[in-house]
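Reproduced below: protein_3.tsv, with TSV, C-alpha atoms and all ligand atoms.
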```
chain	number	residue	atom	x	y	z
A	1	MET	CA	-3.58	-75.29	-118.46
A	2	ILE	CA	-6.70	-76.56	-120.18
A	3	TYR	CA	-8.99	-78.76	-118.06
A	4	THR	CA	-11.88	-80.73	-119.51
A	5	VAL	CA	-14.72	-81.73	-117.20
A	6	THR	CA	-16.84	-84.73	-118.26
A	7	LEU	CA	-19.59	-85.56	-115.80
A	8	ASN	CA	-20.96	-88.37	-117.98
A	9	PRO	CA	-18.21	-90.07	-120.01
A	10	ALA	CA	-18.96	-93.00	-122.30
A	11	PHE	CA	-17.55	-95.82	-124.30
A	12	ASP	CA	-18.78	-95.18	-127.84
A	13	LYS	CA	-19.63	-98.27	-129.86
A	14	THR	CA	-20.00	-97.27	-133.50
A	15	ILE	CA	-21.81	-99.89	-135.57
A	16	TYR	CA	-21.58	-99.69	-139.35
A	17	LEU	CA	-24.31	-101.37	-141.40
A	18	ASP	CA	-25.77	-100.88	-144.88
A	19	GLU	CA	-29.20	-99.99	-143.61
A	20	LEU	CA	-31.01	-100.35	-140.26
A	21	ILE	CA	-34.31	-102.16	-140.61
A	22	LYS	CA	-36.39	-101.68	-137.45
A	23	GLY	CA	-37.94	-104.84	-136.01
A	24	HIS	CA	-35.49	-107.13	-137.86
A	25	VAL	CA	-32.18	-108.82	-137.09
A	26	ASN	CA	-29.56	-106.49	-138.54
A	27	ARG	CA	-25.99	-107.66	-139.24
A	28	SER	CA	-23.23	-105.12	-138.82
A	29	VAL	CA	-20.48	-104.69	-141.38
A	30	LYS	CA	-18.03	-103.66	-138.65
A	31	SER	CA	-17.99	-102.03	-135.24
A	32	ILE	CA	-15.51	-99.81	-133.45
A	33	MET	CA	-15.09	-98.99	-129.75
A	34	ASP	CA	-13.69	-95.64	-128.57
A	35	ILE	CA	-13.57	-93.80	-125.29
A	36	GLY	CA	-15.76	-90.73	-125.43
A	37	GLY	CA	-18.05	-88.33	-123.70
A	38	LYS	CA	-17.81	-84.73	-124.77
A	39	GLY	CA	-15.00	-83.48	-122.50
A	40	ILE	CA	-12.95	-86.64	-123.04
A	41	ASN	CA	-13.23	-86.08	-126.81
A	42	VAL	CA	-12.09	-82.49	-126.31
A	43	SER	CA	-8.98	-83.77	-124.49
A	44	LYS	CA	-8.32	-86.25	-127.32
A	45	VAL	CA	-8.48	-83.53	-129.96
A	46	ILE	CA	-6.35	-81.07	-127.96
A	47	LYS	CA	-3.70	-83.81	-127.84
A	48	SER	CA	-3.92	-84.29	-131.63
A	49	LEU	CA	-3.55	-80.57	-132.18
A	50	GLY	CA	-0.35	-80.63	-130.13
A	51	GLY	CA	-1.70	-79.29	-126.83
A	52	GLU	CA	-2.04	-80.60	-123.29
A	53	SER	CA	-5.07	-80.90	-121.06
A	54	ILE	CA	-6.09	-82.65	-117.88
A	55	ALA	CA	-9.30	-84.67	-118.06
A	56	LEU	CA	-11.45	-84.29	-114.95
A	57	GLY	CA	-14.93	-85.61	-114.15
A	58	PHE	CA	-16.41	-88.95	-113.10
A	59	ILE	CA	-15.69	-92.52	-114.18
A	60	GLY	CA	-17.53	-95.74	-113.26
A	61	ASP	CA	-15.61	-97.94	-110.85
A	62	GLU	CA	-16.60	-101.22	-112.56
A	63	ASN	CA	-15.02	-100.56	-115.96
A	64	LYS	CA	-12.65	-97.70	-115.17
A	65	ASP	CA	-9.41	-99.61	-115.85
A	66	LYS	CA	-10.05	-100.02	-119.57
A	67	PHE	CA	-11.06	-96.38	-119.89
A	68	ILE	CA	-8.10	-94.97	-117.98
A	69	LYS	CA	-5.70	-97.30	-119.82
A	70	CYS	CA	-6.92	-95.77	-123.10
A	71	LEU	CA	-6.50	-92.23	-121.78
A	72	ASN	CA	-2.99	-93.03	-120.56
A	73	SER	CA	-2.05	-94.69	-123.85
A	74	MET	CA	-3.10	-91.51	-125.64
A	75	GLY	CA	-0.91	-89.50	-123.26
A	76	ILE	CA	-3.89	-87.63	-121.79
A	77	LYS	CA	-3.38	-86.62	-118.16
A	78	ASN	CA	-6.41	-87.43	-116.04
A	79	ASP	CA	-7.66	-87.14	-112.49
A	80	LEU	CA	-11.16	-88.62	-112.51
A	81	VAL	CA	-13.41	-89.25	-109.49
A	82	PHE	CA	-14.31	-92.94	-109.24
A	83	VAL	CA	-18.04	-93.53	-108.72
A	84	ALA	CA	-20.06	-96.69	-108.09
A	85	GLY	CA	-21.32	-98.53	-111.18
A	86	GLU	CA	-20.33	-98.66	-114.83
A	87	THR	CA	-19.44	-95.96	-117.31
A	88	ARG	CA	-22.18	-96.13	-119.97
A	89	THR	CA	-21.75	-97.46	-123.48
A	90	ASN	CA	-23.37	-95.28	-126.14
A	91	ILE	CA	-24.37	-96.80	-129.45
A	92	LYS	CA	-23.70	-94.90	-132.68
A	93	ILE	CA	-25.28	-96.41	-135.77
A	94	VAL	CA	-23.93	-95.46	-139.18
A	95	GLU	CA	-26.14	-96.52	-142.11
A	96	THR	CA	-23.72	-96.34	-145.00
A	97	LYS	CA	-26.24	-96.57	-147.88
A	98	ALA	CA	-28.09	-93.38	-147.01
A	99	ASN	CA	-25.49	-91.76	-144.73
A	100	ILE	CA	-27.77	-91.76	-141.71
A	101	TYR	CA	-26.15	-91.30	-138.29
A	102	THR	CA	-28.16	-92.38	-135.23
A	103	ASP	CA	-27.03	-92.03	-131.61
A	104	ILE	CA	-28.45	-94.02	-128.70
A	105	ASN	CA	-26.99	-92.49	-125.56
A	106	GLN	CA	-27.57	-94.14	-122.20
A	107	ARG	CA	-28.30	-92.28	-118.99
A	108	GLY	CA	-25.12	-93.41	-117.23
A	109	PHE	CA	-24.18	-93.97	-113.61
A	110	SER	CA	-25.60	-92.21	-110.57
A	111	ILE	CA	-23.66	-89.60	-108.62
A	112	THR	CA	-23.84	-89.15	-104.84
A	113	PRO	CA	-23.45	-85.75	-103.10
A	114	GLU	CA	-20.04	-87.02	-101.83
A	115	ASP	CA	-18.91	-87.76	-105.42
A	116	LEU	CA	-19.85	-84.27	-106.48
A	117	GLU	CA	-18.08	-82.73	-103.49
A	118	GLU	CA	-14.93	-84.67	-104.36
A	119	LEU	CA	-15.03	-83.28	-107.89
A	120	LEU	CA	-15.68	-79.74	-106.67
A	121	SER	CA	-12.72	-79.88	-104.32
A	122	LYS	CA	-10.48	-81.05	-107.20
A	123	LEU	CA	-11.72	-78.15	-109.34
A	124	ARG	CA	-11.13	-75.68	-106.52
A	125	SER	CA	-7.58	-76.89	-106.03
A	126	TYR	CA	-6.66	-77.00	-109.75
A	127	ALA	CA	-8.19	-73.73	-110.95
A	128	ARG	CA	-5.86	-70.75	-111.37
A	129	GLU	CA	-6.32	-67.39	-113.06
A	130	GLY	CA	-6.21	-67.77	-116.85
A	131	ASP	CA	-6.75	-71.54	-116.88
A	132	ILE	CA	-9.29	-72.78	-119.42
A	133	PHE	CA	-12.08	-75.07	-118.24
A	134	VAL	CA	-14.24	-76.93	-120.76
A	135	LEU	CA	-17.51	-78.11	-119.20
A	136	SER	CA	-19.37	-80.38	-121.54
A	137	GLY	CA	-21.93	-83.10	-121.99
A	138	SER	CA	-25.04	-84.46	-120.35
A	139	LEU	CA	-25.57	-84.84	-116.63
A	140	PRO	CA	-25.60	-88.22	-114.90
A	141	ALA	CA	-28.39	-89.14	-112.49
A	142	GLY	CA	-28.09	-87.57	-109.05
A	143	VAL	CA	-26.73	-84.26	-110.35
A	144	ASP	CA	-29.04	-81.22	-110.38
A	145	ASN	CA	-29.45	-79.41	-113.67
A	146	ASP	CA	-27.93	-76.25	-112.20
A	147	VAL	CA	-24.60	-78.03	-111.68
A	148	TYR	CA	-22.85	-76.19	-114.54
A	149	MET	CA	-24.07	-72.90	-113.09
A	150	ASN	CA	-22.44	-73.81	-109.75
A	151	LEU	CA	-19.21	-74.97	-111.40
A	152	ILE	CA	-19.03	-71.79	-113.49
A	153	ASN	CA	-19.51	-69.63	-110.40
A	154	ILE	CA	-16.70	-71.44	-108.55
A	155	LEU	CA	-14.32	-71.30	-111.52
A	156	LYS	CA	-15.08	-67.67	-112.35
A	157	GLU	CA	-14.12	-66.66	-108.83
A	158	LYS	CA	-10.72	-68.21	-109.52
A	159	GLY	CA	-10.36	-66.16	-112.72
A	160	ALA	CA	-10.63	-69.14	-115.09
A	161	ILE	CA	-11.93	-68.96	-118.67
A	162	ILE	CA	-14.97	-71.20	-119.11
A	163	ILE	CA	-16.31	-72.92	-122.23
A	164	LEU	CA	-19.72	-74.57	-121.90
A	165	ASP	CA	-21.14	-77.19	-124.28
A	166	ALA	CA	-24.36	-78.61	-122.87
A	167	ASP	CA	-28.02	-78.94	-123.74
A	168	GLY	CA	-31.51	-78.48	-122.27
A	169	GLU	CA	-31.90	-77.16	-118.73
A	170	ALA	CA	-28.19	-77.69	-118.01
A	171	LEU	CA	-27.34	-75.25	-120.82
A	172	LYS	CA	-30.11	-72.82	-119.87
A	173	ASN	CA	-28.98	-72.67	-116.23
A	174	GLY	CA	-25.33	-72.62	-117.25
A	175	LEU	CA	-25.93	-69.61	-119.50
A	176	ALA	CA	-27.32	-67.70	-116.51
A	177	ALA	CA	-23.84	-67.92	-114.92
A	178	LYS	CA	-22.31	-66.27	-118.05
A	179	PRO	CA	-19.60	-68.67	-119.20
A	180	ASP	CA	-17.04	-66.98	-121.48
A	181	ILE	CA	-17.83	-69.17	-124.48
A	182	VAL	CA	-20.70	-71.46	-125.49
A	183	LYS	CA	-20.97	-73.82	-128.47
A	184	PRO	CA	-24.54	-74.93	-128.96
A	185	ASN	CA	-25.56	-76.84	-132.05
A	186	ILE	CA	-28.76	-75.78	-133.71
A	187	ASN	CA	-30.90	-78.37	-131.88
A	188	GLU	CA	-29.50	-77.38	-128.49
A	189	LEU	CA	-30.31	-73.76	-129.29
A	190	ARG	CA	-33.87	-74.70	-130.24
A	191	MET	CA	-34.44	-76.31	-126.85
A	192	ILE	CA	-34.08	-72.85	-125.29
A	193	TYR	CA	-34.97	-70.26	-127.94
A	194	GLU	CA	-37.62	-69.97	-130.64
A	195	PHE	CA	-36.32	-68.79	-134.00
A	196	ASP	CA	-36.82	-69.22	-137.74
A	197	ASP	CA	-34.58	-71.41	-139.88
A	198	ASP	CA	-32.86	-68.63	-141.82
A	199	PHE	CA	-29.28	-67.66	-140.97
A	200	ASN	CA	-30.12	-64.11	-139.85
A	201	SER	CA	-32.55	-65.45	-137.25
A	202	ILE	CA	-29.91	-67.90	-136.01
A	203	VAL	CA	-27.35	-65.09	-135.74
A	204	SER	CA	-29.88	-62.96	-133.82
A	205	VAL	CA	-30.14	-65.65	-131.16
A	206	GLY	CA	-26.34	-65.76	-130.91
A	207	ARG	CA	-26.23	-62.00	-130.50
A	208	GLU	CA	-28.90	-62.21	-127.82
A	209	ILE	CA	-26.67	-64.62	-125.87
A	210	ILE	CA	-23.76	-62.17	-126.24
A	211	LYS	CA	-25.98	-59.41	-124.82
A	212	GLN	CA	-26.55	-61.62	-121.78
A	213	GLY	CA	-22.81	-61.50	-121.03
A	214	VAL	CA	-21.26	-64.45	-122.89
A	215	LYS	CA	-18.14	-63.32	-124.82
A	216	LYS	CA	-18.11	-65.76	-127.78
A	217	VAL	CA	-20.88	-67.93	-129.21
A	218	ILE	CA	-20.17	-70.64	-131.77
A	219	ILE	CA	-23.29	-72.07	-133.35
A	220	SER	CA	-22.60	-75.31	-135.18
A	221	MET	CA	-25.08	-76.37	-137.83
A	222	GLY	CA	-23.80	-79.75	-139.02
A	223	ASN	CA	-23.63	-79.84	-142.83
A	224	LYS	CA	-24.77	-76.20	-143.00
A	225	GLY	CA	-21.54	-74.89	-141.44
A	226	ALA	CA	-21.11	-72.70	-138.38
A	227	PHE	CA	-21.29	-69.15	-137.03
A	228	TYR	CA	-18.73	-67.52	-134.74
A	229	ILE	CA	-20.27	-64.57	-132.95
A	230	ILE	CA	-18.35	-62.11	-130.82
A	231	GLU	CA	-19.30	-58.68	-129.52
A	232	ASP	CA	-19.00	-56.70	-132.73
A	233	GLU	CA	-18.25	-59.30	-135.40
A	234	VAL	CA	-19.94	-62.36	-136.86
A	235	PHE	CA	-18.12	-64.90	-139.05
A	236	TYR	CA	-19.71	-67.66	-141.09
A	237	ALA	CA	-17.90	-70.83	-142.18
A	238	LYS	CA	-19.20	-72.82	-145.11
A	239	PRO	CA	-19.23	-76.57	-144.57
A	240	GLN	CA	-16.23	-78.26	-146.17
A	241	ARG	CA	-16.99	-81.07	-148.61
A	242	VAL	CA	-15.47	-84.34	-147.42
A	243	GLU	CA	-16.36	-88.01	-147.33
A	244	VAL	CA	-18.13	-88.35	-143.97
A	245	LYS	CA	-17.35	-91.49	-141.94
A	246	SER	CA	-18.87	-90.47	-138.58
A	247	THR	CA	-20.19	-87.13	-137.40
A	248	VAL	CA	-19.82	-88.03	-133.70
A	249	GLY	CA	-17.48	-85.63	-131.94
A	250	ALA	CA	-17.47	-82.95	-134.64
A	251	GLY	CA	-18.71	-80.37	-132.14
A	252	ASP	CA	-16.20	-81.53	-129.52
A	253	SER	CA	-13.41	-81.00	-132.05
A	254	MET	CA	-14.58	-77.41	-132.46
A	255	VAL	CA	-14.55	-76.89	-128.70
A	256	ALA	CA	-11.07	-78.45	-128.48
A	257	ALA	CA	-9.73	-76.14	-131.20
A	258	ILE	CA	-11.26	-73.10	-129.52
A	259	SER	CA	-9.66	-73.91	-126.16
A	260	PHE	CA	-6.35	-74.76	-127.85
A	261	GLY	CA	-6.49	-71.53	-129.89
A	262	ILE	CA	-7.18	-69.43	-126.80
A	263	SER	CA	-4.34	-71.09	-124.92
A	264	LYS	CA	-2.03	-70.11	-127.81
A	265	TYR	CA	-3.41	-66.52	-127.91
A	266	MET	CA	-4.62	-66.94	-131.50
A	267	GLU	CA	-6.81	-64.29	-133.19
A	268	ASP	CA	-10.57	-64.97	-133.31
A	269	LYS	CA	-10.70	-65.58	-137.06
A	270	GLU	CA	-7.78	-68.03	-136.87
A	271	ILE	CA	-9.43	-69.81	-133.94
A	272	PHE	CA	-12.62	-70.19	-135.97
A	273	LYS	CA	-10.69	-71.51	-138.98
A	274	LEU	CA	-8.98	-74.07	-136.76
A	275	ALA	CA	-12.31	-75.01	-135.14
A	276	VAL	CA	-14.06	-75.67	-138.46
A	277	SER	CA	-11.06	-77.52	-139.92
A	278	SER	CA	-10.77	-79.68	-136.78
A	279	ALA	CA	-14.48	-80.53	-136.94
A	280	THR	CA	-14.23	-81.43	-140.63
A	281	ALA	CA	-11.10	-83.48	-140.02
A	282	ALA	CA	-13.01	-85.32	-137.27
A	283	ILE	CA	-15.88	-86.40	-139.53
A	284	ILE	CA	-13.54	-88.09	-141.99
A	285	GLU	CA	-12.39	-90.41	-139.19
A	286	GLU	CA	-14.37	-93.52	-138.28
A	287	GLY	CA	-16.03	-93.85	-134.87
A	288	THR	CA	-15.13	-91.21	-132.28
A	289	LYS	CA	-11.52	-90.83	-133.35
A	290	ALA	CA	-9.68	-87.55	-132.97
A	291	PRO	CA	-8.69	-85.88	-136.25
A	292	SER	CA	-5.05	-85.99	-137.30
A	293	ARG	CA	-3.12	-82.70	-137.14
A	294	GLU	CA	-2.02	-83.33	-140.72
A	295	ASN	CA	-5.64	-83.40	-141.97
A	296	VAL	CA	-6.52	-80.35	-139.89
A	297	ASP	CA	-3.62	-78.42	-141.46
A	298	GLU	CA	-4.67	-79.49	-144.98
A	299	LEU	CA	-8.26	-78.37	-144.36
A	300	MET	CA	-7.05	-75.08	-142.83
A	301	LYS	CA	-5.62	-74.16	-146.26
A	302	LYS	CA	-9.05	-74.52	-147.88
A	303	VAL	CA	-11.51	-73.36	-145.21
A	304	SER	CA	-13.72	-70.48	-146.29
A	305	ILE	CA	-14.64	-67.95	-143.60
A	306	GLU	CA	-16.70	-64.89	-144.47
A	307	ARG	CA	-17.65	-61.88	-142.39
A	308	TRP	CA	-21.41	-62.08	-141.89
A	309	MET	CA	-21.80	-58.63	-140.31
B	1	LIG	N1	-21.94	-83.52	-142.86
B	1	LIG	C1	-21.06	-82.54	-142.66
B	1	LIG	N2	-20.40	-81.97	-143.72
B	1	LIG	C2	-19.51	-80.97	-143.54
B	1	LIG	N3	-19.19	-80.46	-142.33
B	1	LIG	C3	-19.81	-80.97	-141.24
B	1	LIG	C4	-20.78	-82.03	-141.34
B	1	LIG	N4	-21.20	-82.33	-140.10
B	1	LIG	C5	-20.53	-81.52	-139.25
B	1	LIG	N5	-19.70	-80.69	-139.94
B	1	LIG	C6	-18.78	-79.68	-139.38
B	1	LIG	O1	-18.64	-79.93	-137.99
B	1	LIG	C7	-19.18	-78.83	-137.23
B	1	LIG	C8	-19.84	-79.36	-135.98
B	1	LIG	O2	-20.88	-80.26	-136.32
B	1	LIG	P1	-22.25	-80.37	-135.53
B	1	LIG	O3	-23.02	-79.12	-135.64
B	1	LIG	O4	-22.90	-81.62	-136.01
B	1	LIG	O5	-21.72	-80.52	-134.04
B	1	LIG	P2	-22.37	-81.23	-132.79
B	1	LIG	O6	-23.82	-81.50	-133.04
B	1	LIG	O7	-22.02	-80.44	-131.60
B	1	LIG	O8	-21.54	-82.60	-132.78
B	1	LIG	P3	-21.27	-83.65	-131.58
B	1	LIG	O9	-22.27	-83.40	-130.49
B	1	LIG	O10	-21.40	-85.02	-132.22
B	1	LIG	O11	-19.86	-83.41	-131.14
B	1	LIG	C9	-20.13	-78.13	-138.20
B	1	LIG	O12	-20.32	-76.77	-137.84
B	1	LIG	C10	-19.41	-78.30	-139.53
B	1	LIG	O13	-18.36	-77.34	-139.65
B	2	LIG	O1	-25.04	-87.90	-123.74
B	2	LIG	P1	-24.14	-86.69	-123.94
B	2	LIG	O2	-23.22	-86.50	-122.79
B	2	LIG	O3	-24.90	-85.48	-124.36
B	2	LIG	O4	-23.25	-87.01	-125.23
B	2	LIG	C1	-22.37	-88.11	-125.20
B	2	LIG	C2	-21.78	-88.29	-126.57
B	2	LIG	O5	-22.74	-88.52	-127.57
B	2	LIG	O6	-21.07	-87.10	-126.90
B	2	LIG	C3	-19.90	-87.41	-127.63
B	2	LIG	C4	-19.95	-86.75	-128.97
B	2	LIG	O7	-20.09	-85.38	-128.85
B	2	LIG	C5	-19.81	-88.92	-127.67
B	2	LIG	O8	-18.49	-89.35	-127.48
B	2	LIG	C6	-20.71	-89.38	-126.57
B	2	LIG	O9	-21.27	-90.67	-126.76
```

Can you give me the file's structure in the form of structure tokens?
Amino acid sequence: MIYTVTLNPAFDKTIYLDELIKGHVNRSVKSIMDIGGKGINVSKVIKSLGGESIALGFIGDENKDKFIKCLNSMGIKNDLVFVAGETRTNIKIVETKANIYTDINQRGFSITPEDLEELLSKLRSYAREGDIFVLSGSLPAGVDNDVYMNLINILKEKGAIIILDADGEALKNGLAAKPDIVKPNINELRMIYEFDDDFNSIVSVGREIIKQGVKKVIISMGNKGAFYIIEDEVFYAKPQRVEVKSTVGAGDSMVAAISFGISKYMEDKEIFKLAVSSATAAIIEEGTKAPSRENVDELMKKVSIERWM
């Protein structure tokens, strides 16, 4: 089974306007509301791809009904820990004239030690050898930034496969526990490592992470494509040209495809193709919508993957 763990879920409000003028009243052209947060998005995309997952993590007591109703209507199994307060609403601004995408993410609710213990005991009881756990997103208040390290240690003891998608100290500490797979974007990588802008320097950082004991590293680079780095092979995917409607959740779609591909015992190159096609299919959807399987399959026919080394 694939489990996604979202410690800080969100409602995503995507606001489309021609241009954002700071310090003025701006009128939106339209706005869209989706349920999100990185792990929740991963569950949404796994469902679109034809897979199953169980969404774990926290959810704010005050507005949980709407959130869980959406998950249920999408057919996504969930077992979230209810915590005091509201699940945050993150604002995504799309300026359509210049194709500028701006995120304003809130901090979110606060977690008590009891909340965390409740989540840990769920993880302990679910995890079985060979299960895939996706740990992703920012940390809510009240959670130490070594939380992913602790979760990885618990899950590894159970023999689970762990995919980590985090940033800052949470990623740095998480890496120390050697998850099986990590998917940093270029900015997340820069928070931890110093490197030049050229592709070889980026690949060197990925290889350094592999040397530290991580099995697969996917570095996503937005409109510059992505690298898939494993022990003795590196693949590069060119970005696919599409009409971009929202880039939010592109990385989550990659993570979803990777976990789905592993659960179906797909070959690495095929997994990477699916990951890039899923990400591209996500950016042609408005808001934080999961890509359709039909679009993913169409893009799979055209995706260009080359061996980098
Ligand atoms: N503008 C774009 N044009 C073409 N492909 C894109 C574009 N933006 C993203 N992609 C595809 O999506 C992949 C993931 O994008 P990105 O690196 O922005 O992920 P991310 O920052 O983790 O996203 P998020 O945190 O919103 O989920 C890229 O590697 C690329 O394949
Ligand atoms: O604040 P975090 O947890 O880093 O990111 C949260 C978030 O930006 O990630 C998803 C896209 O990847 C969105 O659905 C959500 O709003």

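If you measure from each of A:Gly37, A:Arg107, A:Lys66, A:Val5 to Leu80 in chain A using all atoms listed in the file, the closest one turns out to be A:Val5.
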
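Between CA of Asn145 in chain A and CA of Ile111 in chain A lies a distance of 12.8 Å.
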
Mind running chain A against ligand LIG 2 (chain B) at 6 Å and telling me each contacting residue's nearest atom pair with the distance in Å (one decimal), counting only C-alpha atoms and all ligand atoms, chain and number ascending, as JSON lines?
```
{"residue": "A:Asn8", "atom": "CA", "partner": "B:LIG2", "partner_atom": "O2", "distance": 5.6}
{"residue": "A:Ala10", "atom": "CA", "partner": "B:LIG2", "partner_atom": "O9", "distance": 5.5}
{"residue": "A:Asp12", "atom": "CA", "partner": "B:LIG2", "partner_atom": "O9", "distance": 5.3}
{"residue": "A:Gly36", "atom": "CA", "partner": "B:LIG2", "partner_atom": "O8", "distance": 3.7}
{"residue": "A:Gly37", "atom": "CA", "partner": "B:LIG2", "partner_atom": "O8", "distance": 3.9}
{"residue": "A:Lys38", "atom": "CA", "partner": "B:LIG2", "partner_atom": "C3", "distance": 4.4}
{"residue": "A:Asn90", "atom": "CA", "partner": "B:LIG2", "partner_atom": "O9", "distance": 5.1}
{"residue": "A:Asn105", "atom": "CA", "partner": "B:LIG2", "partner_atom": "O1", "distance": 5.3}
{"residue": "A:Gly137", "atom": "CA", "partner": "B:LIG2", "partner_atom": "O2", "distance": 3.7}
{"residue": "A:Ser138", "atom": "CA", "partner": "B:LIG2", "partner_atom": "O2", "distance": 3.7}
{"residue": "A:Val248", "atom": "CA", "partner": "B:LIG2", "partner_atom": "C4", "distance": 4.9}
{"residue": "A:Gly249", "atom": "CA", "partner": "B:LIG2", "partner_atom": "C4", "distance": 4.0}
{"residue": "A:Asp252", "atom": "CA", "partner": "B:LIG2", "partner_atom": "O7", "distance": 5.5}
```

Quiz item: Excluding same-chain residues fewer than 3 positions from range 124-126 of chain A, what lies within 12 Å of it counting only C-alpha atoms, as number ranges by chain?
Solution: A: 1-5, 54-56, 79, 117-121, 129-133, 150-160

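Proximal residues of ligand LIG 1 (chain B) are Asn185, Ser220, Met221, Gly222, Asn223, Gly225, Ala226, Pro239, Gln240, Arg241, Thr247, Val248, Gly249, Ala250, Gly251, Asp252, Val276, Ala279 and Thr280 of chain A, by a cut-off of 6 Å on only C-alpha atoms and all ligand atoms.
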
Find the smallest box with edges along x, y and z containing every listed atom of range 177-189 of chain A, then add 5 Å on each side and report centre and edge lengths in Å to one decimal, as lines of an AutoDock Vina configuration file.
```
center_x = -24.0
center_y = -72.3
center_z = -124.3
size_x = 23.9
size_y = 22.1
size_z = 28.8
```

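Interatomic distance, CA of Ile202 in chain A against CA of Pro179 in chain A: 19.7 Å.
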